[in-house]
Every structure is written in C-alpha cells, then in structure tokens.
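Raw target.cif, mmCIF, C-alpha atoms and all ligand atoms:
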```cif
data_run
loop_
_atom_site.group_PDB
_atom_site.id
_atom_site.type_symbol
_atom_site.label_atom_id
_atom_site.label_comp_id
_atom_site.auth_asym_id
_atom_site.auth_seq_id
_atom_site.Cartn_x
_atom_site.Cartn_y
_atom_site.Cartn_z
ATOM 1 C CA MET E 1 0.843 11.952 14.604
ATOM 2 C CA ASP E 2 3.214 9.666 16.567
ATOM 3 C CA GLY E 3 3.828 5.995 15.875
ATOM 4 C CA LEU E 4 3.059 6.469 12.182
ATOM 5 C CA SER E 5 5.390 3.646 11.109
ATOM 6 C CA ASN E 6 3.801 1.265 13.599
ATOM 7 C CA ILE E 7 1.896 -1.378 11.701
ATOM 8 C CA GLY E 8 -0.981 -1.404 14.214
ATOM 9 C CA VAL E 9 -1.411 2.388 13.958
ATOM 10 C CA ILE E 10 -1.263 2.249 10.150
ATOM 11 C CA LYS E 11 -3.838 -0.540 9.929
ATOM 12 C CA ASP E 12 -6.156 1.369 12.258
ATOM 13 C CA ILE E 13 -5.911 4.587 10.200
ATOM 14 C CA LEU E 14 -6.441 2.802 6.898
ATOM 15 C CA THR E 15 -9.418 0.834 8.219
ATOM 16 C CA ARG E 16 -11.058 3.933 9.665
ATOM 17 C CA HIS E 17 -10.698 5.683 6.282
ATOM 18 C CA GLY E 18 -11.844 2.622 4.328
ATOM 19 C CA PHE E 19 -8.599 2.740 2.336
ATOM 20 C CA THR E 20 -7.672 -0.153 0.041
ATOM 21 C CA PHE E 21 -4.217 -0.438 -1.576
ATOM 22 C CA SER E 22 -3.898 0.194 -5.307
ATOM 23 C CA LYS E 23 -1.456 -2.196 -6.947
ATOM 24 C CA THR E 24 -1.531 -0.103 -10.131
ATOM 25 C CA LEU E 25 -0.230 2.919 -8.227
ATOM 26 C CA GLY E 26 2.603 0.937 -6.620
ATOM 27 C CA GLN E 27 1.195 1.363 -3.120
ATOM 28 C CA ASN E 28 3.537 -0.547 -0.806
ATOM 29 C CA PHE E 29 3.720 1.530 2.359
ATOM 30 C CA LEU E 30 6.691 1.485 4.730
ATOM 31 C CA VAL E 31 5.969 -0.093 8.102
ATOM 32 C CA ASN E 32 9.545 -0.352 9.392
ATOM 33 C CA PRO E 33 10.112 2.614 11.774
ATOM 34 C CA SER E 34 13.877 2.721 11.223
ATOM 35 C CA VAL E 35 13.801 3.346 7.452
ATOM 36 C CA CYS E 36 12.210 6.807 7.034
ATOM 37 C CA PRO E 37 14.489 8.636 9.509
ATOM 38 C CA ARG E 38 17.497 7.221 7.623
ATOM 39 C CA ILE E 39 16.148 8.316 4.221
ATOM 40 C CA ALA E 40 15.421 11.780 5.613
ATOM 41 C CA GLU E 41 18.858 12.160 7.193
ATOM 42 C CA MET E 42 20.819 10.813 4.235
ATOM 43 C CA GLY E 43 18.566 12.690 1.789
ATOM 44 C CA ASN E 44 19.496 16.213 2.949
ATOM 45 C CA ALA E 45 16.318 16.906 4.915
ATOM 46 C CA ARG E 46 17.836 19.539 7.182
ATOM 47 C CA SER E 47 17.782 23.199 8.056
ATOM 48 C CA GLY E 48 18.176 25.436 4.993
ATOM 49 C CA PHE E 49 16.592 22.826 2.706
ATOM 50 C CA GLY E 50 13.239 22.477 1.025
ATOM 51 C CA VAL E 51 12.317 18.900 0.123
ATOM 52 C CA ILE E 52 10.135 17.577 -2.673
ATOM 53 C CA GLU E 53 8.591 14.216 -1.846
ATOM 54 C CA ILE E 54 6.988 11.994 -4.473
ATOM 55 C CA GLY E 55 4.200 9.696 -3.266
ATOM 56 C CA THR E 56 3.235 10.300 0.356
ATOM 57 C CA GLY E 57 1.252 7.159 1.156
ATOM 58 C CA ILE E 58 -0.046 7.927 4.638
ATOM 59 C CA GLY E 59 2.819 10.355 5.297
ATOM 60 C CA VAL E 60 5.415 8.266 7.177
ATOM 61 C CA LEU E 61 8.346 9.745 5.259
ATOM 62 C CA THR E 62 6.669 13.156 4.831
ATOM 63 C CA LYS E 63 6.589 13.564 8.625
ATOM 64 C CA GLU E 64 10.283 12.699 9.038
ATOM 65 C CA LEU E 65 11.192 15.147 6.260
ATOM 66 C CA ALA E 66 9.076 17.933 7.792
ATOM 67 C CA GLU E 67 10.710 17.456 11.191
ATOM 68 C CA ARG E 68 14.149 18.090 9.699
ATOM 69 C CA ALA E 69 13.775 20.378 6.648
ATOM 70 C CA ASP E 70 12.423 23.936 6.467
ATOM 71 C CA LYS E 71 9.619 22.972 4.109
ATOM 72 C CA VAL E 72 8.209 19.902 2.332
ATOM 73 C CA VAL E 73 6.132 19.849 -0.826
ATOM 74 C CA ALA E 74 4.770 16.355 -1.393
ATOM 75 C CA VAL E 75 3.199 15.257 -4.667
ATOM 76 C CA GLU E 76 0.639 12.442 -4.334
ATOM 77 C CA ILE E 77 -1.503 11.174 -7.209
ATOM 78 C CA ASP E 78 -4.136 9.373 -5.125
ATOM 79 C CA GLY E 79 -6.809 11.781 -3.879
ATOM 80 C CA ARG E 80 -8.168 9.100 -1.505
ATOM 81 C CA LEU E 81 -5.104 9.732 0.682
ATOM 82 C CA LEU E 82 -5.887 13.417 1.274
ATOM 83 C CA PRO E 83 -8.254 12.863 4.253
ATOM 84 C CA VAL E 84 -5.756 10.358 5.679
ATOM 85 C CA LEU E 85 -2.917 12.894 5.398
ATOM 86 C CA ALA E 86 -5.081 15.614 6.960
ATOM 87 C CA GLU E 87 -5.170 13.392 10.043
ATOM 88 C CA THR E 88 -1.631 11.971 10.085
ATOM 89 C CA LEU E 89 0.137 15.248 9.296
ATOM 90 C CA ALA E 90 -2.089 17.553 11.369
ATOM 91 C CA GLY E 91 0.057 19.953 13.352
ATOM 92 C CA TYR E 92 2.790 20.396 10.740
ATOM 93 C CA ASP E 93 2.682 23.853 9.185
ATOM 94 C CA ASN E 94 5.603 23.327 6.794
ATOM 95 C CA ILE E 95 4.024 20.671 4.552
ATOM 96 C CA LYS E 96 2.139 21.300 1.325
ATOM 97 C CA ILE E 97 0.439 18.417 -0.479
ATOM 98 C CA VAL E 98 0.013 18.630 -4.255
ATOM 99 C CA ASN E 99 -2.599 16.141 -5.470
ATOM 100 C CA ASP E 100 -1.269 15.335 -8.949
ATOM 101 C CA ASP E 101 0.742 12.936 -11.087
ATOM 102 C CA VAL E 102 4.374 13.987 -10.559
ATOM 103 C CA MET E 103 4.991 13.522 -14.281
ATOM 104 C CA ASN E 104 2.569 16.411 -14.925
ATOM 105 C CA VAL E 105 3.963 18.833 -12.332
ATOM 106 C CA ASP E 106 6.137 21.756 -13.459
ATOM 107 C CA LEU E 107 8.915 21.180 -10.920
ATOM 108 C CA HIS E 108 11.012 24.186 -12.005
ATOM 109 C CA ARG E 109 8.043 26.397 -11.224
ATOM 110 C CA LEU E 110 7.256 24.557 -7.991
ATOM 111 C CA ILE E 111 10.833 25.075 -6.776
ATOM 112 C CA ALA E 112 10.825 28.769 -7.717
ATOM 113 C CA GLU E 113 7.459 29.364 -6.019
ATOM 114 C CA GLU E 114 7.882 27.230 -2.895
ATOM 115 C CA PHE E 115 11.586 27.142 -2.064
ATOM 116 C CA ALA E 116 12.929 30.679 -2.561
ATOM 117 C CA GLY E 117 16.204 31.085 -0.655
ATOM 118 C CA LEU E 118 16.446 27.369 0.154
ATOM 119 C CA GLU E 119 18.588 24.554 -1.167
ATOM 120 C CA VAL E 120 16.456 21.760 -2.578
ATOM 121 C CA ALA E 121 16.487 17.970 -2.293
ATOM 122 C CA VAL E 122 14.164 15.248 -3.566
ATOM 123 C CA CYS E 123 13.278 12.245 -1.370
ATOM 124 C CA ALA E 124 10.892 9.408 -2.125
ATOM 125 C CA ASN E 125 9.899 5.829 -1.715
ATOM 126 C CA LEU E 126 9.103 5.540 -5.406
ATOM 127 C CA PRO E 127 6.171 3.631 -6.897
ATOM 128 C CA TYR E 128 7.934 0.758 -8.678
ATOM 129 C CA TYR E 129 5.828 0.806 -11.851
ATOM 130 C CA ILE E 130 7.343 4.143 -12.861
ATOM 131 C CA THR E 131 10.785 4.241 -11.177
ATOM 132 C CA SER E 132 13.016 4.879 -14.203
ATOM 133 C CA PRO E 133 10.725 7.431 -15.910
ATOM 134 C CA ILE E 134 10.546 9.451 -12.658
ATOM 135 C CA ILE E 135 14.313 9.315 -12.062
ATOM 136 C CA MET E 136 15.098 10.279 -15.663
ATOM 137 C CA MET E 137 12.478 13.061 -15.610
ATOM 138 C CA LEU E 138 14.076 14.481 -12.423
ATOM 139 C CA LEU E 139 17.604 14.341 -13.871
ATOM 140 C CA GLU E 140 16.918 15.404 -17.458
ATOM 141 C CA GLN E 141 15.116 18.571 -16.379
ATOM 142 C CA ARG E 142 18.337 19.789 -14.715
ATOM 143 C CA LEU E 143 16.410 20.917 -11.662
ATOM 144 C CA PRO E 144 18.325 23.087 -9.206
ATOM 145 C CA VAL E 145 18.523 20.273 -6.633
ATOM 146 C CA LYS E 146 21.472 18.952 -4.603
ATOM 147 C CA THR E 147 20.410 15.332 -4.269
ATOM 148 C CA VAL E 148 17.709 12.895 -5.331
ATOM 149 C CA THR E 149 17.356 10.132 -2.725
ATOM 150 C CA VAL E 150 14.949 7.353 -3.610
ATOM 151 C CA MET E 151 13.921 3.849 -2.652
ATOM 152 C CA VAL E 152 13.826 1.515 -5.644
ATOM 153 C CA GLN E 153 13.721 -2.238 -6.272
ATOM 154 C CA LYS E 154 17.062 -3.793 -5.376
ATOM 155 C CA GLU E 155 17.815 -4.965 -8.935
ATOM 156 C CA ALA E 156 17.096 -1.473 -10.254
ATOM 157 C CA GLY E 157 19.362 0.033 -7.591
ATOM 158 C CA VAL E 158 22.224 -2.294 -8.505
ATOM 159 C CA ARG E 159 21.950 -1.296 -12.171
ATOM 160 C CA LEU E 160 21.579 2.427 -11.428
ATOM 161 C CA CYS E 161 24.645 2.453 -9.175
ATOM 162 C CA ALA E 162 26.881 0.009 -11.074
ATOM 163 C CA PRO E 163 30.277 1.506 -11.877
ATOM 164 C CA LEU E 164 30.551 2.199 -15.618
ATOM 165 C CA GLY E 165 32.681 -0.394 -17.354
ATOM 166 C CA THR E 166 31.294 -3.258 -15.249
ATOM 167 C CA ARG E 167 28.835 -6.071 -16.046
ATOM 168 C CA ASP E 168 25.790 -4.592 -14.267
ATOM 169 C CA ALA E 169 25.958 -1.259 -16.130
ATOM 170 C CA GLY E 170 23.219 -0.498 -18.685
ATOM 171 C CA ALA E 171 21.920 2.470 -20.685
ATOM 172 C CA VAL E 172 20.219 3.888 -17.583
ATOM 173 C CA THR E 173 23.538 3.671 -15.679
ATOM 174 C CA VAL E 174 25.260 5.817 -18.298
ATOM 175 C CA ALA E 175 22.337 8.245 -18.280
ATOM 176 C CA VAL E 176 22.283 8.742 -14.496
ATOM 177 C CA ASN E 177 26.082 9.064 -14.398
ATOM 178 C CA TYR E 178 25.845 11.826 -16.976
ATOM 179 C CA TYR E 179 23.837 13.981 -14.579
ATOM 180 C CA SER E 180 24.937 12.724 -11.172
ATOM 181 C CA GLU E 181 27.172 10.576 -9.020
ATOM 182 C CA PRO E 182 24.944 7.676 -7.976
ATOM 183 C CA GLU E 183 25.455 5.982 -4.630
ATOM 184 C CA LEU E 184 23.794 2.886 -3.146
ATOM 185 C CA LEU E 185 23.063 3.782 0.485
ATOM 186 C CA PHE E 186 21.392 0.775 2.148
ATOM 187 C CA ASN E 187 19.141 -2.214 1.546
ATOM 188 C CA VAL E 188 15.562 -2.580 2.793
ATOM 189 C CA SER E 189 13.923 -6.008 3.062
ATOM 190 C CA ARG E 190 10.522 -6.735 1.515
ATOM 191 C CA GLY E 191 9.109 -7.304 5.021
ATOM 192 C CA SER E 192 9.437 -3.565 5.709
ATOM 193 C CA PHE E 193 6.392 -2.856 3.529
ATOM 194 C CA MET E 194 2.647 -3.353 3.664
ATOM 195 C CA PRO E 195 1.589 -5.086 1.515
ATOM 196 C CA SER E 196 4.911 -6.881 1.192
ATOM 197 C CA PRO E 197 6.237 -6.898 -2.411
ATOM 198 C CA ASN E 198 7.950 -9.906 -4.035
ATOM 199 C CA VAL E 199 11.343 -8.223 -4.121
ATOM 200 C CA ASP E 200 13.716 -6.449 -1.745
ATOM 201 C CA SER E 201 14.499 -2.759 -2.096
ATOM 202 C CA CYS E 202 17.366 -0.355 -1.616
ATOM 203 C CA VAL E 203 17.847 3.363 -1.156
ATOM 204 C CA VAL E 204 20.019 5.183 -3.689
ATOM 205 C CA ARG E 205 21.179 8.771 -3.763
ATOM 206 C CA PHE E 206 22.017 10.745 -6.897
ATOM 207 C CA ASN E 207 24.439 13.535 -6.027
ATOM 208 C CA ILE E 208 23.708 16.018 -8.805
ATOM 209 C CA ARG E 209 26.760 17.213 -10.761
ATOM 210 C CA ASP E 210 27.380 20.950 -11.046
ATOM 211 C CA ARG E 211 28.344 20.319 -14.656
ATOM 212 C CA THR E 212 27.578 17.452 -17.039
ATOM 213 C CA PRO E 213 30.621 15.730 -18.661
ATOM 214 C CA GLU E 214 32.579 17.802 -21.166
ATOM 215 C CA GLY E 215 33.207 16.994 -24.824
ATOM 216 C CA VAL E 216 29.738 15.854 -25.915
ATOM 217 C CA GLU E 217 29.229 17.337 -29.392
ATOM 218 C CA ASP E 218 25.521 16.486 -29.735
ATOM 219 C CA GLU E 219 23.724 15.545 -26.519
ATOM 220 C CA LYS E 220 20.678 14.053 -28.256
ATOM 221 C CA PHE E 221 22.858 11.848 -30.447
ATOM 222 C CA PHE E 222 24.982 10.860 -27.415
ATOM 223 C CA PHE E 223 21.895 9.435 -25.682
ATOM 224 C CA ARG E 224 20.733 7.763 -28.938
ATOM 225 C CA THR E 225 24.138 6.086 -29.171
ATOM 226 C CA VAL E 226 23.999 4.872 -25.558
ATOM 227 C CA LYS E 227 20.492 3.460 -26.082
ATOM 228 C CA ALA E 228 21.514 1.781 -29.328
ATOM 229 C CA ALA E 229 24.690 0.353 -27.760
ATOM 230 C CA PHE E 230 22.660 -1.483 -25.122
ATOM 231 C CA SER E 231 19.722 -2.386 -27.383
ATOM 232 C CA GLN E 232 20.964 -5.969 -27.769
ATOM 233 C CA ARG E 233 22.839 -6.735 -24.602
ATOM 234 C CA ARG E 234 24.403 -10.033 -25.556
ATOM 235 C CA LYS E 235 25.881 -8.678 -28.798
ATOM 236 C CA THR E 236 29.089 -6.770 -29.321
ATOM 237 C CA LEU E 237 28.967 -2.977 -29.261
ATOM 238 C CA CYS E 238 29.403 -2.936 -33.042
ATOM 239 C CA ASN E 239 26.429 -5.190 -33.825
ATOM 240 C CA SER E 240 24.165 -3.620 -31.248
ATOM 241 C CA ALA E 241 24.966 -0.016 -32.189
ATOM 242 C CA ALA E 242 24.675 -0.740 -35.918
ATOM 243 C CA SER E 243 21.205 -2.211 -35.599
ATOM 244 C CA GLY E 244 20.093 0.303 -32.944
ATOM 245 C CA LEU E 245 21.177 3.298 -35.020
ATOM 246 C CA GLY E 246 20.307 1.764 -38.403
ATOM 247 C CA MET E 247 23.911 2.325 -39.612
ATOM 248 C CA PRO E 248 26.060 -0.023 -41.752
ATOM 249 C CA LYS E 249 28.341 -2.184 -39.614
ATOM 250 C CA ASP E 250 31.533 -1.099 -41.381
ATOM 251 C CA ARG E 251 30.848 2.540 -40.553
ATOM 252 C CA VAL E 252 30.205 1.719 -36.901
ATOM 253 C CA LEU E 253 33.431 -0.283 -36.855
ATOM 254 C CA GLU E 254 35.258 2.719 -38.287
ATOM 255 C CA ALA E 255 33.906 4.878 -35.457
ATOM 256 C CA ILE E 256 34.810 2.256 -32.853
ATOM 257 C CA ARG E 257 38.405 2.188 -34.144
ATOM 258 C CA ALA E 258 38.579 5.990 -34.351
ATOM 259 C CA ALA E 259 37.454 6.156 -30.692
ATOM 260 C CA GLY E 260 40.399 3.907 -29.811
ATOM 261 C CA LEU E 261 38.240 0.932 -28.797
ATOM 262 C CA ALA E 262 38.693 -2.789 -29.421
ATOM 263 C CA GLU E 263 36.524 -4.077 -32.290
ATOM 264 C CA ASN E 264 34.860 -6.768 -30.199
ATOM 265 C CA ILE E 265 34.225 -4.621 -27.103
ATOM 266 C CA ARG E 266 30.842 -5.047 -25.360
ATOM 267 C CA PRO E 267 28.686 -2.043 -24.430
ATOM 268 C CA GLU E 268 28.919 -2.619 -20.672
ATOM 269 C CA GLN E 269 32.730 -2.332 -20.847
ATOM 270 C CA LEU E 270 32.763 1.332 -21.903
ATOM 271 C CA THR E 271 33.520 4.248 -19.595
ATOM 272 C CA MET E 272 31.739 7.612 -19.871
ATOM 273 C CA GLU E 273 34.701 9.122 -21.767
ATOM 274 C CA GLN E 274 34.656 6.219 -24.221
ATOM 275 C CA PHE E 275 30.908 6.599 -24.837
ATOM 276 C CA ILE E 276 31.451 10.295 -25.490
ATOM 277 C CA SER E 277 34.281 9.622 -28.010
ATOM 278 C CA LEU E 278 32.234 6.904 -29.706
ATOM 279 C CA ALA E 279 29.125 9.102 -30.022
ATOM 280 C CA ASN E 280 31.216 11.979 -31.404
ATOM 281 C CA GLU E 281 32.856 9.691 -34.007
ATOM 282 C CA LEU E 282 29.529 8.106 -34.984
ATOM 283 C CA GLY E 283 27.923 11.528 -35.196
ATOM 284 C CA ARG E 284 30.623 12.754 -37.602
ATOM 285 C CA LEU E 285 30.217 9.667 -39.800
ATOM 286 C CA SER E 286 26.434 9.734 -39.878
ATOM 287 C CA GLY E 287 26.083 13.486 -40.239
HETATM 288 N N1 LIG E 301 5.978 7.307 0.947
HETATM 289 C C1 LIG E 301 5.023 6.279 1.309
HETATM 290 C C2 LIG E 301 5.700 5.218 2.161
HETATM 291 O O1 LIG E 301 6.944 5.142 2.097
HETATM 292 O O2 LIG E 301 5.004 4.470 2.824
HETATM 293 C C3 LIG E 301 4.330 5.653 0.077
HETATM 294 C C4 LIG E 301 5.261 4.988 -0.918
HETATM 295 S S1 LIG E 301 4.408 4.013 -2.137
HETATM 296 C C5 LIG E 301 5.731 2.943 -2.633
HETATM 297 C C6 LIG E 301 4.295 5.085 -3.556
HETATM 298 C C7 LIG E 301 3.320 6.248 -3.437
HETATM 299 O O3 LIG E 301 3.383 6.990 -4.671
HETATM 300 C C8 LIG E 301 1.868 5.865 -3.253
HETATM 301 O O4 LIG E 301 1.303 6.664 -2.252
HETATM 302 C C9 LIG E 301 1.214 6.172 -4.622
HETATM 303 O O5 LIG E 301 -0.157 6.519 -4.525
HETATM 304 C C10 LIG E 301 2.069 7.336 -5.111
HETATM 305 N N2 LIG E 301 2.146 7.487 -6.575
HETATM 306 C C11 LIG E 301 2.066 6.527 -7.523
HETATM 307 N N3 LIG E 301 2.217 7.039 -8.744
HETATM 308 C C12 LIG E 301 2.407 8.374 -8.582
HETATM 309 C C13 LIG E 301 2.612 9.454 -9.497
HETATM 310 N N4 LIG E 301 2.680 9.249 -10.812
HETATM 311 N N5 LIG E 301 2.737 10.709 -8.994
HETATM 312 C C14 LIG E 301 2.684 10.916 -7.647
HETATM 313 N N6 LIG E 301 2.489 9.937 -6.750
HETATM 314 C C15 LIG E 301 2.359 8.684 -7.199
#
```
So, in terms of structure tokens, how does the structure I just supplied come out?
Amino acid sequence: MDGLSNIGVIKDILTRHGFTFSKTLGQNFLVNPSVCPRIAEMGNARSGFGVIEIGTGIGVLTKELAERADKVVAVEIDGRLLPVLAETLAGYDNIKIVNDDVMNVDLHRLIAEEFAGLEVAVCANLPYYITSPIIMMLLEQRLPVKTVTVMVQKEAGVRLCAPLGTRDAGAVTVAVNYYSEPELLFNVSRGSFMPSPNVDSCVVRFNIRDRTPEGVEDEKFFFRTVKAAFSQRRKTLCNSAASGLGMPKDRVLEAIRAAGLAENIRPEQLTMEQFISLANELGRLSG
C-alpha cells in the first residue's frame, strides 16, 4: 500500500480497523515518511539479505525492508495488527509475519529455516519498554547476522554508542562493545511518531564482530565484573566492584593494581582491555 507513512492514511487505516494504541506494548508508530527508507538502507536491507524485523506496527518499515531485501520475517506480538497488516502489506510475497513475543522466538532456528543462502540483518523501531533486553538477547545469542539496526530512545542510544573510557559509558556499553561495533546513525524527533512520546529517538547500528575480544578467561565472570563495576556509579571502581561482587575491598584493590590500574579509577574510565585484565585478576583471586 502506498503512502503508508502519511499520517492521514495511517489514521484512516487504524480507524477502519478499530485499532487503539497499547502503551504497555510501546506502540509509537512512525509517521515521518523519510525515516523508514533510511533505516532500511543503512540497515542492510538489500539484495542477498534476509531481514528480521521486530514489531511491525502497521508495516511502514516492513514495506521498505521488503522492497529492498530478498525476504523479511517480521515478529509482532500484537495479534490485533494482523488484519491491518493483511491490508497494508497485500501484494508483497516476500514477507512473513510471526505473531509472537520476540523474546520467545528461536531466532537461530528461524534464520536456518527462512534465510538459507542469505546474509541476515535485523532492523527495528524497538518498543521502548524492552529495548535493552531485546538488544542483549540479539547479541548474546551470537546469531549469524551482519548488523542489528534499531531505533531507541536518544538517551539509550547515547549510552549504547558511547566510546569506552568516557563519561557516558555504562555496563550495557561494555556489553554491546564485546559483541559489536556500535554506531549512532541519526536522530529522530519525537514528532515523527504517533502518538508522540515524551523523548526524542535515534537510530543505532551494531556491526557484529566476527570474533569477540581475546583474553577473557571466564566470560560469565567477565560480565559479572562489568555489572558489579557499574553497580554504584558515583563510587570508585574498587568500592563498586567490592560491593557488587561481595569481595573484600583489599582483594579488589590487589586485582586493580595487578591489572595496572590506578587505585581511585572510576568504572566509566576503563577500556575493554582493562576490563578484561581486571576480570581475569579478580577471577584468579576469588577462585
Ligand atoms: N515498526 C513500527 C513503526 O515503526 O511504526 C512499530 C514500532 S512500535 C515502536 C513497536 C512495535 O513492537 C509495536 O507494533 C508493538 O506491538 C511491538 N512489540 C512490542 N513488544 C513486542 C515483543 N515483545 N515482541 C514483538 N513485538 C513487540
């Protein structure tokens, strides 16, 4: 269907289907026609690619993805949108809608079954109530995908894409950098959505690494260390890590020194390599 990003067309479709927005499901639909083509183009929707979309809404982004990629599989939790999508996406034979919670979908299996012989990318205007869990689920599963390109709240995007070692970095920044090279692509104003949220948004792309960083002796403990390090943001690394890991402060200090770090360093000042050294030293002392 043409004109799908046109606010008049969208209102007409939603009224005809008696659709009401669910705040709980993070339903803020895009009504700015310039945004979806940019997400699709920058998100690897092109020949030779299969694309997984999360959260179709009425299909504005789905349509742009289907026009560029070989195939689109879109996961949408809200069954009330199925009749709407049957109308808006009629005529596209390369789209499959999966009516489910994306957190319950076996994405490894989906990729194997739906995208044989294709490269794979993920694109989405994410529901804000579950942004980080979805991003971490996509990265931690080590899916065979090239890129994950998603719209998130602006503040979340700034944190996700902050260079490590700088003030805006947090535990989630270290985690996404472990699996990918994050990149902030462009900002989107709150007026681009219906209903309009209270915050602006941005589109970020995670370029998935072929290999995760080397030298991590115990991956589970590495992520525990990162979480503990940022558990009390205003404290020094030593205090925060000691309370987060339940370890005596003098032992944590020993590990900090052994990793070659200053005793009063703050968690946001560490690089990936320094987090790896710290976790390895702490692991040796606690194990
Ligand atoms: N892509 C559309 C657009 O840009 O207009 C809709 C984006 S809206 C921000 C988020 C969409 O995700 C909604 O359609 C919502 O129903 C869906 N959604 C929310 N939680 C979900 C979940 N756990 N799994 C799959 N879809 C979900």
- Neighbours of point (18.3, 9.2, -5.1) within 12 Å, using all atoms listed in the file, written as a ChimeraX atom specification: /E:39-40,42-44,52-54,121-126,131-132,134-136,138-139,145-152,156-157,160-161,176,179-186,202-208
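Distances here use only C-alpha atoms and all ligand atoms; by that measure, the residue among E:Ile97, E:Val158, E:Val75, E:Ile265 closest to ligand LIG 301 (chain E) is E:Val75.
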- Message: Once the PyMOL selection byres (((chain E and resi 99) around 7) and not hetatm) is applied to the coordinates I shared, what remains selected? I want it as number ranges by chain.
- Response: E: 75-79, 97-98, 100
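Applied to the shown file, the PyMOL selection byres (((chain E and resi 69) around 7) and not hetatm) selects the residues Ala45, Arg46, Ser47, Gly48, Phe49, Gly50, Val51, Leu65, Ala66, Glu67, Arg68, Asp70 and Lys71 of chain E.
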- Query: For ligand LIG 301 (chain E), which residue among E:Tyr129, E:Phe222, E:Tyr92, E:Phe115 is the nearest when counting all atoms listed in the file?
  - Reply: E:Tyr129
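A straight line drawn from atom CA of Asn32 of chain E to atom CA of Glu87 of chain E is 20.1 Å long.
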- Message: Between E:Glu64, E:Glu214, E:Glu41, E:Glu114, which residue has the minimum interatomic distance to ligand LIG 301 (chain E), considering all atoms listed in the file?
- Response: E:Glu64
- Exercise: segment 253-259 of chain E partners within 7 Å, all atoms listed in the file, chain neighbours under 3 positions left out, as number ranges by chain: E: 238, 249-250, 262-263, 277-278, 281-282
Could you write out as lines of an AutoDock Vina configuration file the box around segment 145-149 of chain E (axis-aligned, all atoms listed in the file, 6 Å on each side), with centre and edge lengths in Å to one decimal?
```
center_x = 19.4
center_y = 15.2
center_z = -4.7
size_x = 16.1
size_y = 22.1
size_z = 15.9
```
- Task: Would you mind telling me which residue in E:Leu118, E:Leu270, E:Ile130, E:Val73 lies nearest to ligand LIG 301 (chain E) when using all atoms listed in the file?
- Result: E:Ile130
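Here the question is which of E:Thr62, E:Gln153, E:Thr15, E:Ser196 gets nearest to Gln27 of chain E using all atoms listed in the file, and that residue is E:Ser196.
Between ligand LIG 301 (chain E) and the candidates E:Leu30, E:Met1, E:Leu14, E:Leu143, the tightest atom-to-atom separation, counting only C-alpha atoms and all ligand atoms, involves E:Leu30.
The interatomic distance for the pair atom CA of Met272 of chain E and atom CA of Ala229 of chain E works out to 12.8 Å.
Shell of Arg234 of chain E at 9 Å, with all atoms listed in the file counted and residues fewer than 4 places along the chain excluded, is E:Phe230, E:Ser240, E:Arg266.
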Could you write out that same residue set with C-alpha atoms as a compact mmCIF listing (two decimals), in the coordinates of the input?
```txt
# COMPACT_ATOMS: atom_id res chain seq x y z
CA PHE E 230 22.66 -1.48 -25.12
CA SER E 240 24.16 -3.62 -31.25
CA ARG E 266 30.84 -5.05 -25.36
```
